[in-house]
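Data file: my_file37.tsv. Format and content: TSV, C-alpha atoms.
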```tsv
chain	number	residue	atom	x	y	z
A	1	MET	CA	98.79	48.88	10.79
A	2	PRO	CA	96.12	50.55	8.58
A	3	PRO	CA	93.11	48.49	7.51
A	4	PRO	CA	93.46	46.81	4.11
A	5	LYS	CA	92.13	48.90	1.25
A	6	SER	CA	89.25	47.53	-0.78
A	7	LYS	CA	90.09	46.70	-4.38
A	8	GLY	CA	88.92	49.65	-6.45
A	9	GLY	CA	87.98	52.03	-3.64
A	10	LYS	CA	86.37	55.21	-4.94
A	11	MET	CA	86.95	54.29	-8.58
A	12	LEU	CA	84.72	51.24	-8.27
A	13	GLY	CA	81.92	53.50	-7.06
A	14	LEU	CA	82.24	55.60	-10.24
A	15	ILE	CA	81.48	52.77	-12.67
A	16	ASN	CA	78.70	53.91	-15.07
A	17	TRP	CA	79.01	57.54	-13.87
A	18	ARG	CA	79.58	60.31	-16.42
A	19	LEU	CA	83.14	61.64	-15.93
A	20	LYS	CA	85.27	64.42	-17.31
A	21	VAL	CA	88.85	63.25	-17.79
A	22	THR	CA	91.63	65.76	-18.48
A	23	ILE	CA	94.66	64.32	-20.26
A	24	ASN	CA	98.23	65.59	-20.41
A	25	ASP	CA	97.95	67.34	-23.79
A	26	GLY	CA	95.17	69.63	-22.55
A	27	ARG	CA	92.19	67.85	-24.05
A	28	ALA	CA	89.17	66.93	-21.95
A	29	LEU	CA	87.18	63.76	-22.57
A	30	THR	CA	83.66	63.33	-21.23
A	31	GLY	CA	81.98	59.93	-21.16
A	32	GLN	CA	80.43	57.16	-19.12
A	33	MET	CA	83.12	55.11	-17.37
A	34	LEU	CA	82.60	51.41	-18.04
A	35	ALA	CA	85.87	50.01	-16.66
A	36	PHE	CA	89.28	50.81	-15.17
A	37	ASP	CA	92.36	48.93	-14.02
A	38	ARG	CA	95.30	49.39	-11.65
A	39	HIS	CA	97.14	51.52	-14.23
A	40	MET	CA	94.17	53.94	-14.41
A	41	ASN	CA	93.44	52.82	-17.96
A	42	LEU	CA	89.82	53.82	-18.57
A	43	VAL	CA	87.04	52.67	-20.88
A	44	LEU	CA	84.63	55.49	-21.66
A	45	ALA	CA	81.35	55.05	-23.56
A	46	ASP	CA	79.56	57.81	-25.51
A	47	CYS	CA	82.77	59.81	-25.25
A	48	GLU	CA	83.20	63.38	-26.50
A	49	GLU	CA	86.47	65.25	-26.84
A	50	PHE	CA	86.80	68.95	-26.04
A	51	ARG	CA	89.92	70.94	-26.96
A	52	ARG	CA	90.86	74.58	-27.18
A	53	THR	CA	92.24	75.99	-30.42
A	54	PRO	CA	94.86	78.77	-30.49
A	55	ALA	CA	92.00	81.17	-31.29
A	56	GLU	CA	90.48	80.35	-27.86
A	57	GLN	CA	87.58	78.42	-29.38
A	58	GLU	CA	86.43	75.17	-27.83
A	59	MET	CA	86.10	72.39	-30.42
A	60	LYS	CA	83.88	69.39	-29.71
A	61	ARG	CA	84.29	65.98	-31.36
A	62	THR	CA	82.21	62.83	-30.77
A	63	LEU	CA	84.40	59.75	-30.32
A	64	GLY	CA	82.10	56.97	-29.08
A	65	LEU	CA	83.77	54.10	-27.20
A	66	VAL	CA	87.29	55.02	-26.05
A	67	ILE	CA	90.07	53.14	-24.26
A	68	LEU	CA	92.26	55.72	-22.56
A	69	ARG	CA	95.79	54.92	-21.37
A	70	GLY	CA	96.18	55.69	-17.69
A	71	GLU	CA	99.61	57.26	-18.20
A	72	THR	CA	97.94	60.23	-19.94
A	73	VAL	CA	95.28	60.92	-17.27
A	74	VAL	CA	95.84	64.15	-15.33
A	75	SER	CA	92.51	64.55	-13.52
A	76	LEU	CA	89.04	63.07	-13.16
A	77	SER	CA	85.86	64.86	-12.18
A	78	VAL	CA	82.24	63.74	-11.98
A	79	GLU	CA	79.92	65.24	-14.59
A	80	GLY	CA	76.76	63.32	-13.71
A	81	PRO	CA	75.26	60.21	-12.11
A	82	PRO	CA	74.71	56.92	-13.90
A	83	PRO	CA	71.67	56.75	-16.17
A	84	VAL	CA	68.45	55.59	-14.52
A	85	VAL	CA	67.30	52.15	-15.68
A	86	ASP	CA	63.72	51.04	-15.15
A	87	GLU	CA	63.62	47.67	-13.38
A	88	ASP	CA	60.84	46.59	-15.77
A	89	LYS	CA	62.99	47.15	-18.86
A	90	LYS	CA	66.30	45.99	-17.37
A	91	ASN	CA	66.29	42.40	-18.66
A	92	VAL	CA	64.00	42.74	-21.69
A	93	LEU	CA	65.45	42.22	-25.14
A	94	PRO	CA	64.14	44.30	-28.03
A	95	VAL	CA	61.65	42.60	-30.29
A	96	GLY	CA	63.17	41.47	-33.57
A	97	PRO	CA	62.03	39.79	-36.76
A	98	GLY	CA	62.05	36.06	-37.28
A	99	ARG	CA	62.11	33.13	-34.93
A	100	GLY	CA	64.79	32.06	-32.46
A	101	MET	CA	66.31	28.67	-33.21
A	102	PRO	CA	69.52	26.98	-32.10
A	103	ALA	CA	72.27	27.09	-34.69
A	104	GLY	CA	73.25	23.49	-35.34
A	105	ARG	CA	76.36	21.98	-36.80
A	106	GLY	CA	75.28	19.47	-39.41
A	107	MET	CA	72.54	16.92	-38.97
A	108	GLY	CA	70.94	16.16	-35.63
A	109	MET	CA	71.65	12.99	-33.70
A	110	MET	CA	68.08	11.69	-33.94
A	111	PRO	CA	66.05	11.66	-37.15
A	112	PRO	CA	62.89	13.77	-37.07
A	113	MET	CA	59.73	11.89	-36.23
A	114	GLY	CA	57.10	11.44	-38.90
A	115	VAL	CA	57.25	11.13	-42.65
A	116	PRO	CA	60.62	11.88	-44.29
A	117	PRO	CA	60.69	15.06	-46.41
A	118	MET	CA	59.09	14.77	-49.86
A	119	GLY	CA	57.77	11.29	-49.04
A	120	ARG	CA	61.13	9.55	-49.67
A	121	PRO	CA	62.33	6.62	-47.61
A	122	PRO	CA	65.56	7.14	-45.63
A	123	MET	CA	68.79	6.56	-47.58
A	124	PRO	CA	70.33	3.12	-46.91
A	125	PHE	CA	73.83	4.47	-47.65
A	126	ALA	CA	75.91	7.52	-46.80
A	127	PRO	CA	75.67	10.47	-49.18
A	128	PRO	CA	78.57	11.01	-51.60
A	129	GLY	CA	81.56	12.65	-49.94
A	130	MET	CA	80.62	11.26	-46.52
A	131	PRO	CA	81.83	7.64	-46.63
A	132	GLY	CA	82.12	7.24	-42.87
A	133	PRO	CA	84.03	8.46	-39.83
A	134	PRO	CA	87.36	10.19	-40.44
A	135	PRO	CA	90.57	8.19	-40.07
A	136	GLY	CA	91.61	7.86	-36.44
A	137	PHE	CA	88.14	8.47	-35.07
A	138	ARG	CA	87.05	5.91	-32.47
A	139	PRO	CA	83.30	6.02	-31.92
A	140	PRO	CA	81.81	5.02	-28.55
A	141	GLY	CA	81.96	1.28	-27.99
A	142	PHE	CA	84.78	0.85	-30.52
A	143	PRO	CA	86.70	-2.38	-29.76
A	144	PRO	CA	89.94	-1.62	-27.91
A	145	GLY	CA	91.93	-4.10	-30.01
A	146	ALA	CA	91.55	-2.03	-33.17
A	147	PRO	CA	94.49	0.22	-34.06
A	148	PHE	CA	94.11	3.68	-32.55
A	149	PRO	CA	95.65	6.06	-33.49
A	150	PRO	CA	96.00	4.91	-37.10
A	151	PRO	CA	99.28	3.41	-38.23
A	152	GLY	CA	101.94	6.07	-38.72
A	153	PHE	CA	100.50	8.50	-36.15
A	154	GLY	CA	101.56	6.80	-32.91
A	155	GLY	CA	105.29	7.42	-32.71
A	156	PRO	CA	107.87	10.15	-32.93
A	157	PRO	CA	108.18	12.23	-36.10
A	158	PRO	CA	110.17	10.74	-38.96
A	159	PRO	CA	113.87	11.68	-39.20
A	160	GLY	CA	114.55	15.06	-40.75
A	161	TYR	CA	111.62	16.92	-39.11
```
Please go through the file and, once you have read it, give me the structure as structure tokens.
Amino acid sequence: MPPPKSKGGKMLGLINWRLKVTINDGRALTGQMLAFDRHMNLVLADCEEFRRTPAEQEMKRTLGLVILRGETVVSLSVEGPPPVVDEDKKNVLPVGPGRGMPAGRGMGMMPPMGVPPMGRPPMPFAPPGMPGPPPGFRPPGFPPGAPFPPPGFGGPPPPGY
């Protein structure tokens, strides 16, 4: 019995390599292979298409990121090795404007420490349009005897639905 084949084999070793892929209509695509699957579907980055016109001229077209159906692949050949990445610059993000802050959803759980904005005391009531928790919401420590879910939401749908 032959030894089990590794998943990917030679194709896995070609990830990030620059490949030339010939497809069944005669065109050749050159790009950096980012991914593949068992159907030989390919993802090529910085892809360029080369095709011959009836006048025997070779036309070049820049495509960018391409997903190529494996059914159309006729041949693969290596054009070049993967790009060299400096270890110093591998995990460094480019410098951008502004300041990084978490994007919140509404007000925080704890009020900010210090003086309230504009010297106002905190509001003793909820702002208009926010009267309290939504119907059916049971906050932590809510007494178990209270109706939950609200009346009308606990049983089967009404007849006719």
- Query: Skipping near chain neighbours, those fewer than 4 positions away, what residues fall within 7 Å of segment 66-80 of chain A using all atoms listed in the file, listed as a PyMOL selection string?
  - Reply: chain A and resi 17-24+39-45+47
- Query: Counting all atoms listed in the file, which of A:Leu65, A:Arg51, A:Gln57, A:Lys10 gets nearest to Gly31 of chain A?
  - Reply: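 Under the stated criterion, the closest residue is A:Leu65.
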- Task: Could you please determine the separation between atom CA of Pro82 of chain A and atom CA of Leu63 of chain A in Å, to one decimal place?
- Result: 19.3 Å
- Query: Please, what distance in Å, to one decimal, runs between atom CA of Arg61 of chain A and atom CA of Glu49 of chain A?
  - Reply: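 Taking atom CA of Arg61 of chain A as the start and atom CA of Glu49 of chain A as the end point, the length is 5.1 Å.
In this structure, atom CA of Asn16 of chain A sits 21.7 Å away from atom CA of Pro94 of chain A.
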- Query: With only C-alpha atoms as the basis for distance, which of A:Glu58, A:Asp25, A:Phe50, A:Ile15 is at the shortest distance from Asp37 of chain A?
  - Reply: A:Ile15
Draw an axis-aligned box over all listed atoms of segment 47-66 of chain A, pad each side with 5 Å, and write its centre and edge lengths in Å, one decimal, as JSON.
```
{"center_x": 88.5, "center_y": 67.6, "center_z": -28.3, "size_x": 22.8, "size_y": 37.1, "size_z": 16.1}
```
